[in-house]
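Peer 1: One structure follows; several queries about it will come next.
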Amino acid sequence: MTVLDRKLIRDLLQLKGQATAIVLVLACGVATFVMSLATLRSLELTQETYYEQFRFAQVFAHLKRAPKALAERIAEIPGVDRVQVRTAVEVTLDVADLAEPAVGRLISIPERPTPGLNDLYLRKGRTIEPGRRGEILINESFADAHKLGPGGRVAAIINGRRQILEVVGVALSPEYVYPIREGDIIPDDERFGVFWMGEPGLADAFDMEGAFNDLALTLEPGASEAEIIQRLDRLIEPYGGLGAFGRDDQLSHKFVTNELRELRGVGLAVPFIFLAVGAFLLNIVLSRLVAAQREQIATLKAFGYTDGEIRRHFLKFVGLIVAAGVGLGTAVGAWMGWGISGFYARFFRFPVFRFRLDPSVVLLALAISASAAMIGTLAAIRRAIRLQPAEAMRPEPPASYRPTSIERWVPRTLVSPAGRMILRRLGREPFKAFLSVLGIALSVAVLVVGNYTADAVDDLMDFQFHEVQRHDLSLTFVEPTSARAISEVRHLPGVIRCEPFRAVAVRLRSGHRTRRAGILGLEPGTRLYRPLDASRREVSLPERGLMLSTKLAEILHVQVGDLLTIEVLEAERRVYRVPVESLVSDYEGLSVYMRRPALNRLLREGPTVSGAFLSVDSARSAELYSRLKATPRVASVSLKRAMLESFRRIIAESLLKMQSFVAAFAAIIAFGVVYNGARISLAERSRELATLRVIGFTRGEVSAILLGELAILTLIALPVGLAIGAGFAAMTTQFYDTELFRIPMVIYPTTFAMGALVTIVSAIASGWVVRRRIDELDLIAVLKTKE
């Protein structure tokens with residue numbers, strides 16, 4: 001072991017408290033990075049493998065009814081690899097353990113298993129047997145929610161008749177990795193299930209012999225998806241085609257992709273903040289270590305040590321701290337990733353999902369941490385190398401002992417001698433004071449950003465489920481029907497208020513930009529579904545034109561007054577040019593609103609409705625649900641209460657689980673920053689404090705000087721840190737700004753208070769540790785003259 005290596009060990013032992021704090025800060029950033037990125041890569045690999053092995057389709061289309069002979073013409077489209085046609089219908093379910101009606105999506109499959117597109121993975125039981133009508137496979141999430149398995153039974157209203165379906169197996173499909181119903185924003189496993197049924201039985205029940213109403217394609221390598229969709233639309237349009245779409249718009253895949261994008265954003269943004277704080281701390285520690293070791297560095301140079309050897313010595317100091325931080329962070333991140341993968345295994349339905357720690361993730365974490373540390377300490381190392389022996393062996397010139405500007409501002413009669421010492425120190429070394437304030441402020445900011453997501457989610461749930469959606473349930477008819485049907489709905493038991501709506505699927509175009517969306521036609525003066533802006537002000541529906549969500553307007557690059565091309569994806573597939581008359585800020589999906597009468601006129605139809613929003617008497621809800629289950633015209637019922645519960649269980653859990661890790665790390669960082677600052681200040685001023693003890697100052701008076709300075713710096717840093725934290729939160733919010741889901745930039749006062757409180761507690765704990773160190777000062781050793 002060389003002399004410099006022994007010196008390195010002594011330095012680390014002497015600074016073990018500060019070094020440990022920095023290691024913990026770096027470990028927090030590395031752990032978040034490893035957890036996020038390793039989980040992300042595990043998900044991507046699982047998704048890619050599943051899609052490939054079970055032949056997930058690339059283009060999808062729904063239509064009214066077409067002969068199976070059309071499949072041959074579709075297969076002839078240049079670039080089409082494989083075609084799969086089938087029957088898919090939604091039915092009302094009567095589940096024994098559920099009071100309200102549920103919705104089941106029945107999909108036909110061959111009675112004899114053959115390799116095809118969107119193949120099923122059989123989790124339990126067996127496949128359906130030829131000729132056994134009424135046998136079904138059910139998706140795993142619905143089976144788990146109702147504890148159904150092989151041998152279970154489910155009642156369904158099929159084409160107006162109640163039929164008992166027998167469960168023979170539980171299956172997974174790449175088409176329903178995220179099992180969500182069209183039009184919903186979150187899955188409801190209790191009230192939506194996917195059933196696979198033998199093709200002859202399903203075709204017979206819905207008069208689809210020799211026909212289909214749903215298809216899926218895969219493409220040849222290099223084929224143009226847009227061109228194939230255009231040709232496919234022309235072929236299926238005479239048969240009531242609702243517009244073909246690619247995998248990117250397939251609902252399950254879209255939600256999975258959105259979650260991966262959010263995970264990638266959090267995995268990059270949050271560790272960046274943590275590592276920046278760690279690099280900042282390293283810079284402070286190393287800068288002050290160089291200043292304290294001026295004479296040692298000069299002596300080493302005088303004895304012939306080169307600049308390169310001294311550079312390597314300090315780089316080793318940084319490298320050992322970084323290596324310890326990366327090692328600890330990798331271990332903690334792997335443990336956290338393993339834990340969070342269990343959540344994703346419930347969240348996404350893959351046949352197998354295992355957490356894998358890719359070595360490249362660890363190497364990337366090491367490279368980023370080392371780069372951040374090197375950038376943070378480069379200036380300090382450069383100062384050490386530039387020190388000339390003759391200059392460095394002389395003590396630093398004493399400070400000028402004139403009254404500082406701060407002392408001139410504060411009357412002497414108002415400040416004690418200890419207070420004047422504190423003010424004088426801050427006034428003479430403003431840059432060091434600034435760095436200390438910045439370090440503490442960053443710890444406050446990390447605490448704020450670590451807890452704000454809970455506020456945002458809470459505000460989002462209140463906004464969406466209490467302010468916008470004021471109904472208790474919504475029902476949708478099997479087909480758009482005359483508004484006269486609403487009179488029957490109003491007379492159902494327990495209905496207090498009923499407001500009809502018209503919903504139509506459309507493709508929106510602005511230049512070369514397109515998006516699939518749905519126009520929701522609401523009643524003028526609607527009270528049960530109120531479009532609100534981000535300030536929670538009610539926005540009036542335009543008389544004739546469209547009201548778009550600001551996110552959709554941003555995607556299509558349109559603004560108020562622009563004309564938007566609308567292709568209606570039902571009936572005659574007419575195309576219209578409609579003006580955008582207003583915009584509304586919301587947090588869910590890509591919204592398009594119109595007045596229902598205006599939408600009826602646009603579609604050239606009479607007073608037509610797709611469903612209704614209902615406010616109901618909870619005392620009569622069971623009676624209402626019973627009636628709805630037996631109503632063939634009602635295709636589905638959606639309960640706001642159930643949506644809110646699902647939102648809390650799924651979306652809130654996914655965000656808050658991640659955020660709980662961040663908040664815990666933020667608390668560690670806050671203590672690390674404050675403790676580092678206090679210990680460094682003690683190391684720099686130990687001689688001065690010992691002198692005060694010798695000339696008669698008590699331990700309490702000496703401690704008050706150092707701890708008073710820490711208190712002033714902490715109080716100055718608190719408002720600065722809260723402001724920086726709000727900025728970090730706004731930056732992080734951008735990673736949740738997607739087409740499917742957005743969170744508001746909301747930070748409750750309690751979050752600011754918590755950030756300040758944890759920092760103050762950290763300062764008190766650090767002050768207690770420093771006070772003990774002051775009490776233990778060896779006055780003789782400290783006051784020895786430096787040779």
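Convention: chains lettered A, B, ... in structure tokens order; per-chain residue numbering from 1; ligands numbered from 1 as shown.
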Which residues are close to A:Asp358, i.e. within 9 Å by only C-alpha atoms, leaving aside same-chain residues fewer than 6 positions away? Reply as a list in words.

Peer 2: Ala38, Arg41 and Ser42 of chain A

Peer 1: Running DSSP on the backbone, which parts of stretch 37-273 of chain A land in strand (DSSP E), as a VMD selection string?

Peer 2: chain A and resid 59 to 67 80 to 86 88 to 94 102 to 109 121 to 125 135 to 139 153 to 158 161 to 172 192 to 198 211 to 219 245 to 246

Peer 1: Give me the residues within 10 Å of A:Ser535 as a list in words, counting only C-alpha atoms and dropping any in the same chain fewer than 2 places off.

Peer 2: Phe463, Leu532, Asp533, Arg537, Glu538, Ser585 and Asp586 of chain A

Peer 1: Quote the spacing between atom CA of A:Leu320 and atom CA of A:Gly677 in Å to one decimal place.

Peer 2: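 Interatomic distance, atom CA of A:Leu320 to atom CA of A:Gly677: 20.7 Å.
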
Peer 1: Between A:Arg627, A:Arg261, A:Arg86, A:Arg544, which has the minimum distance to A:Ala66 (counting only C-alpha atoms)?

Peer 2: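 The answer is A:Arg86, which sits nearest to A:Ala66.
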
Peer 1: Write out as number ranges by chain each polymer residue whose atoms come within 7 Å of stretch 23-34 of chain A, counting only C-alpha atoms; drop sequence neighbours fewer than 5 positions from it.

Peer 2: A: 267-268, 271, 274-275, 278, 321-322, 324-326, 328-330, 332-334, 361-362, 365, 665, 669, 672

Peer 1: Export N, CA and C atoms of the chosen residues as a PDB file, in the first residue's frame?

Peer 2:
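Result written to part_35.pdb:
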```pdb
ATOM      1  N   GLY A 267     -37.828   7.162 -14.172  1.00  0.00           N
ATOM      2  CA  GLY A 267     -36.524   6.534 -14.006  1.00  0.00           C
ATOM      3  C   GLY A 267     -35.378   7.432 -14.410  1.00  0.00           C
ATOM      4  N   LEU A 268     -35.648   8.474 -15.174  1.00  0.00           N
ATOM      5  CA  LEU A 268     -34.590   9.400 -15.580  1.00  0.00           C
ATOM      6  C   LEU A 268     -34.636  10.699 -14.790  1.00  0.00           C
ATOM      7  N   PRO A 271     -33.845  10.197 -10.477  1.00  0.00           N
ATOM      8  CA  PRO A 271     -32.422   9.965 -10.182  1.00  0.00           C
ATOM      9  C   PRO A 271     -31.535  11.142 -10.562  1.00  0.00           C
ATOM     10  N   PHE A 274     -31.511  13.398  -7.613  1.00  0.00           N
ATOM     11  CA  PHE A 274     -30.740  12.832  -6.510  1.00  0.00           C
ATOM     12  C   PHE A 274     -29.239  12.882  -6.787  1.00  0.00           C
ATOM     13  N   LEU A 275     -28.853  12.488  -7.991  1.00  0.00           N
ATOM     14  CA  LEU A 275     -27.427  12.457  -8.319  1.00  0.00           C
ATOM     15  C   LEU A 275     -26.849  13.863  -8.383  1.00  0.00           C
ATOM     16  N   GLY A 278     -26.105  14.692  -4.878  1.00  0.00           N
ATOM     17  CA  GLY A 278     -24.911  13.965  -4.460  1.00  0.00           C
ATOM     18  C   GLY A 278     -23.640  14.584  -4.999  1.00  0.00           C
ATOM     19  N   ILE A 321     -16.172   6.543  -2.883  1.00  0.00           N
ATOM     20  CA  ILE A 321     -17.508   6.955  -2.436  1.00  0.00           C
ATOM     21  C   ILE A 321     -18.552   6.600  -3.482  1.00  0.00           C
ATOM     22  N   VAL A 322     -18.219   6.857  -4.755  1.00  0.00           N
ATOM     23  CA  VAL A 322     -19.154   6.533  -5.838  1.00  0.00           C
ATOM     24  C   VAL A 322     -19.385   5.028  -5.922  1.00  0.00           C
ATOM     25  N   ALA A 324     -19.114   2.814  -3.549  1.00  0.00           N
ATOM     26  CA  ALA A 324     -19.952   2.384  -2.432  1.00  0.00           C
ATOM     27  C   ALA A 324     -21.411   2.773  -2.665  1.00  0.00           C
ATOM     28  N   GLY A 325     -21.637   3.992  -3.181  1.00  0.00           N
ATOM     29  CA  GLY A 325     -23.008   4.427  -3.458  1.00  0.00           C
ATOM     30  C   GLY A 325     -23.678   3.592  -4.526  1.00  0.00           C
ATOM     31  N   VAL A 326     -22.932   3.283  -5.600  1.00  0.00           N
ATOM     32  CA  VAL A 326     -23.497   2.471  -6.692  1.00  0.00           C
ATOM     33  C   VAL A 326     -23.761   1.040  -6.212  1.00  0.00           C
ATOM     34  N   LEU A 328     -24.359  -0.061  -3.069  1.00  0.00           N
ATOM     35  CA  LEU A 328     -25.509  -0.069  -2.172  1.00  0.00           C
ATOM     36  C   LEU A 328     -26.794   0.224  -2.942  1.00  0.00           C
ATOM     37  N   GLY A 329     -26.737   1.231  -3.833  1.00  0.00           N
ATOM     38  CA  GLY A 329     -27.927   1.599  -4.607  1.00  0.00           C
ATOM     39  C   GLY A 329     -28.396   0.477  -5.516  1.00  0.00           C
ATOM     40  N   THR A 330     -27.451  -0.255  -6.118  1.00  0.00           N
ATOM     41  CA  THR A 330     -27.821  -1.369  -6.991  1.00  0.00           C
ATOM     42  C   THR A 330     -28.529  -2.467  -6.198  1.00  0.00           C
ATOM     43  N   VAL A 332     -30.160  -2.156  -3.309  1.00  0.00           N
ATOM     44  CA  VAL A 332     -31.482  -1.681  -2.883  1.00  0.00           C
ATOM     45  C   VAL A 332     -32.426  -1.575  -4.083  1.00  0.00           C
ATOM     46  N   GLY A 333     -31.916  -1.074  -5.225  1.00  0.00           N
ATOM     47  CA  GLY A 333     -32.745  -0.953  -6.427  1.00  0.00           C
ATOM     48  C   GLY A 333     -33.226  -2.297  -6.937  1.00  0.00           C
ATOM     49  N   ALA A 334     -32.350  -3.322  -6.872  1.00  0.00           N
ATOM     50  CA  ALA A 334     -32.755  -4.665  -7.291  1.00  0.00           C
ATOM     51  C   ALA A 334     -33.844  -5.208  -6.372  1.00  0.00           C
ATOM     52  N   VAL A 361     -27.642  -2.118 -17.102  1.00  0.00           N
ATOM     53  CA  VAL A 361     -28.275  -1.099 -16.258  1.00  0.00           C
ATOM     54  C   VAL A 361     -27.325  -0.689 -15.139  1.00  0.00           C
ATOM     55  N   VAL A 362     -26.657  -1.665 -14.532  1.00  0.00           N
ATOM     56  CA  VAL A 362     -25.695  -1.371 -13.457  1.00  0.00           C
ATOM     57  C   VAL A 362     -24.524  -0.560 -14.005  1.00  0.00           C
ATOM     58  N   ALA A 365     -25.676   2.933 -14.591  1.00  0.00           N
ATOM     59  CA  ALA A 365     -25.794   3.650 -13.320  1.00  0.00           C
ATOM     60  C   ALA A 365     -24.425   4.086 -12.824  1.00  0.00           C
ATOM     61  N   PHE A 665     -36.462   8.115   0.161  1.00  0.00           N
ATOM     62  CA  PHE A 665     -35.128   8.544  -0.241  1.00  0.00           C
ATOM     63  C   PHE A 665     -34.934  10.039   0.011  1.00  0.00           C
ATOM     64  N   ILE A 669     -31.957  11.930   2.002  1.00  0.00           N
ATOM     65  CA  ILE A 669     -31.141  12.988   1.391  1.00  0.00           C
ATOM     66  C   ILE A 669     -31.182  14.258   2.233  1.00  0.00           C
ATOM     67  N   GLY A 672     -28.896  13.815   5.063  1.00  0.00           N
ATOM     68  CA  GLY A 672     -27.523  13.771   4.584  1.00  0.00           C
ATOM     69  C   GLY A 672     -26.982  15.151   4.263  1.00  0.00           C
TER      70      GLY A 672
END
```

Peer 1: For A:Ser636, which residue out of A:Asp81, A:Asp455, A:Glu479, A:Asp233 is the nearest one, using only C-alpha atoms?

Peer 2: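 Looking only at the distances to A:Ser636, the closest residue turns out to be A:Glu479.
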
Peer 1: If we count only C-alpha atoms and set the cut-off at 12 Å, which residues sit around stretch 558-565 of chain A, ignoring sequence neighbours fewer than 5 positions away in its own chain? Please answer as a PyMOL selection string.

Peer 2: chain A and resi 506-516+542+545-553+574-584+592

Peer 1: Which residues in stretch 81-300 of chain A does DSSP call alpha helix (DSSP H)? List them as a VMD selection string.

Peer 2: chain A and resid 140 to 146 199 to 205 225 to 236 251 to 292 294 to 300

Peer 1: Using atom CA of A:Glu570 and atom CA of A:Leu242 as the two end points, give the distance in Å to one decimal.

Peer 2: 5.4 Å

Peer 1: Stretch 210-223 of chain A: which residues within 6 Å, counting only C-alpha atoms, same-chain residues fewer than 2 positions away excluded, as JSON, numbers by chain?

Peer 2: {"A": [57, 58, 59, 60, 61, 62, 63, 64, 65, 66, 67, 68, 79, 80, 81, 82, 83, 84, 85, 86, 87, 208]}

Peer 1: Between A:Phe255, A:Trp335, A:Phe752, A:Tyr305, which residue has the minimum interatomic distance to A:Leu740, considering only C-alpha atoms?

Peer 2: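 Residue with the minimum atom-to-atom distance to A:Leu740: A:Phe255.
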
Peer 1: How far is it from atom CA of A:Gly700 to atom CA of A:Gly419, in Å with one decimal?

Peer 2: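 Atom-to-atom, atom CA of A:Gly700 and atom CA of A:Gly419 are spaced 13.4 Å apart.
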
Peer 1: I'd like the neighbourhood of A:Ala612 as a list in words, where a residue qualifies if any of its atoms comes within 6 Å (using only C-alpha atoms), though same-chain residues fewer than 3 positions away should be ignored.

Peer 2: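 Close residues of A:Ala612: Ser474, Leu475, Glu499, Pro500 and Phe501 of chain A.
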
Peer 1: Please dump the current selection as a compact mmCIF listing (two decimals), in the first residue's frame; keep C-alpha atoms.

Peer 2:
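File written: out.txt
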```
# COMPACT_ATOMS: atom_id res chain seq x y z
CA SER A 474 -74.08 5.51 -16.81
CA LEU A 475 -75.74 3.04 -19.12
CA GLU A 499 -79.52 12.97 -18.77
CA PRO A 500 -79.10 11.33 -22.20
CA PHE A 501 -75.93 11.49 -24.26
```

Peer 1: So, counting only C-alpha atoms, which residue among A:Gly337, A:Gly727, A:Pro632, A:Gly342 is closest to A:Arg356?

Peer 2: A:Gly337
